[in-house]
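The block underneath contains the structure these notes are about, expressed in structure tokens.
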Amino acid sequence: MKPALALGVLAATMLGVAMPGLAAPAGDDAAAIRSARLRYNAAIIGHDAPAIRAVLVDDYTGIAGSDGKVIRGAAAMVGYFAASFRNPAFISFVRSPQTITIADDGERAMESGNWVGRSKRDGGELRLGGEYLAVWVPTHDGWKLRSESFVTLTRTDVEAPPQ
């Protein structure tokens, strides 16, 4: 097992997140979306760009929290994460769903929740956080992300514990 994947599996286990292959029961759309979100979080923790790609539709659109940058297309989002993974200061992003609502016609779903991004800094860690809204669509491969919009509401400098 590659070190990054092993780290992702360990982190996912510690955080209680699902890994690929542990899908929600058929017919439970909200549970399937939660499972997909957990796989996405585990992929970020494990620095697994292909697993991130598997959660996104081709024409995915993301809006970054701090600068409002628009990321157009699944390939661009994978590139965004690949660059983040190369940055030694990057630790993770974790999205925590609070609400998942399935449209009456079943053709889309809305997820809203909170997110936290962590990065190393001299003497400790920087944590950004806020709220997000995501749109999911059903595909022949399960629910996938069509769009996400993040709003940064908090910035916290966390000092490293004394040694």
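Chain labels run A, B, ... following the order of the structure tokens; each chain numbers its residues from 1, and ligands are numbered from 1 in the order shown.
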Excluding segment 93-96 of chain A and any residue of its chain fewer than 2 positions from it, enumerate the residues within 9 Å of it, using only C-alpha atoms, and give them as a ChimeraX atom specification.
/A:37-38,40-42,44-45,90-91,98,112-118,131-132
Selection file, C-alpha atoms, as a PDB file, in the first residue's frame:
ATOM      1  CA  ARG A  37     -18.706  12.977   1.011  1.00  0.00           C
ATOM      2  CA  LEU A  38     -16.818  10.766   3.468  1.00  0.00           C
ATOM      3  CA  TYR A  40     -14.044  12.661  -0.689  1.00  0.00           C
ATOM      4  CA  ASN A  41     -12.794  13.712   2.769  1.00  0.00           C
ATOM      5  CA  ALA A  42     -10.727  10.499   3.021  1.00  0.00           C
ATOM      6  CA  ILE A  44      -8.170  14.637   0.607  1.00  0.00           C
ATOM      7  CA  ILE A  45      -6.637  13.330   3.844  1.00  0.00           C
ATOM      8  CA  PHE A  90      -1.005  21.638   3.441  1.00  0.00           C
ATOM      9  CA  ILE A  91      -2.634  19.334   5.994  1.00  0.00           C
ATOM     10  CA  GLN A  98     -25.328  19.183   8.376  1.00  0.00           C
ATOM     11  CA  SER A 112     -24.937  22.169   3.385  1.00  0.00           C
ATOM     12  CA  GLY A 113     -22.525  22.044   6.257  1.00  0.00           C
ATOM     13  CA  ASN A 114     -19.301  23.243   7.799  1.00  0.00           C
ATOM     14  CA  TRP A 115     -15.727  22.918   6.602  1.00  0.00           C
ATOM     15  CA  VAL A 116     -12.275  23.232   8.154  1.00  0.00           C
ATOM     16  CA  GLY A 117      -8.996  23.622   6.289  1.00  0.00           C
ATOM     17  CA  ARG A 118      -5.692  23.097   8.066  1.00  0.00           C
ATOM     18  CA  GLU A 131     -19.913  26.957   5.685  1.00  0.00           C
ATOM     19  CA  TYR A 132     -20.505  25.381   2.292  1.00  0.00           C
TER      20      TYR A 132
END
Segment 52-57 of chain A surroundings by only C-alpha atoms, 9 Å radius, close-in-sequence under 6 positions cut, as a VMD selection string
chain A and resid 36 to 37 39 to 41 43 to 44 73 to 75 77 to 78 81 136 to 137 139 142 to 147
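Atom pair atom CA of Tyr80 of chain A / atom CA of Ala64 of chain A has a distance of 10.4 Å (rounded to one decimal).
Counting only C-alpha atoms, the residue from A:Ala160, A:Leu126, A:Ala76, A:Ala109 that sits nearest to Tyr60 of chain A is A:Ala76.
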Please identify all polymer residues within 12 Å of Pro88 of chain A, counting only C-alpha atoms, omitting same-chain residues fewer than 2 positions from it, and present them as a ChimeraX atom specification.
/A:47,82-86,90-92,118-121
Write a file of the selected residues as a PDB file, in the first residue's frame, keeping C-alpha atoms.
ATOM      1  CA  HIS A  47      -3.713  12.943  -0.893  1.00  0.00           C
ATOM      2  CA  ALA A  82      -2.624  18.079  -6.688  1.00  0.00           C
ATOM      3  CA  ALA A  83      -0.964  21.477  -6.194  1.00  0.00           C
ATOM      4  CA  SER A  84      -2.147  21.580  -2.573  1.00  0.00           C
ATOM      5  CA  PHE A  85      -0.716  18.104  -1.945  1.00  0.00           C
ATOM      6  CA  ARG A  86       2.697  19.274  -3.229  1.00  0.00           C
ATOM      7  CA  PHE A  90      -1.005  21.638   3.441  1.00  0.00           C
ATOM      8  CA  ILE A  91      -2.634  19.334   5.994  1.00  0.00           C
ATOM      9  CA  SER A  92      -6.276  18.823   5.010  1.00  0.00           C
ATOM     10  CA  ARG A 118      -5.692  23.097   8.066  1.00  0.00           C
ATOM     11  CA  SER A 119      -2.151  24.078   7.102  1.00  0.00           C
ATOM     12  CA  LYS A 120       1.176  24.191   8.890  1.00  0.00           C
ATOM     13  CA  ARG A 121       2.716  27.532   9.765  1.00  0.00           C
TER      14      ARG A 121
END
A straight line from atom CA of Glu111 of chain A to atom CA of Thr156 of chain A spans 25.0 Å
So, with only C-alpha atoms as the atoms that count, which of A:Val135, A:Ala89, A:Val158, A:Ile100 lies closest to Ala32 of chain A?
A:Ile100
Within segment 3-155 of chain A, find each residue whose DSSP state, derived from the backbone, is helix (DSSP H, G or I), and express the selection as a PyMOL selection string.
chain A and resi 3-15+29-45+49-53+74-86
DSSP-assigned strand (DSSP E) members of chain A, reported as a ChimeraX atom specification
/A:56-63,70-72,90-102,109-121,124-139,142-159
Contacts of Leu153 of chain A within 7 Å, only C-alpha atoms, excl. fewer than 2 positions in-chain, as an MDAnalysis selection string
chainID A and resid 129:130 151
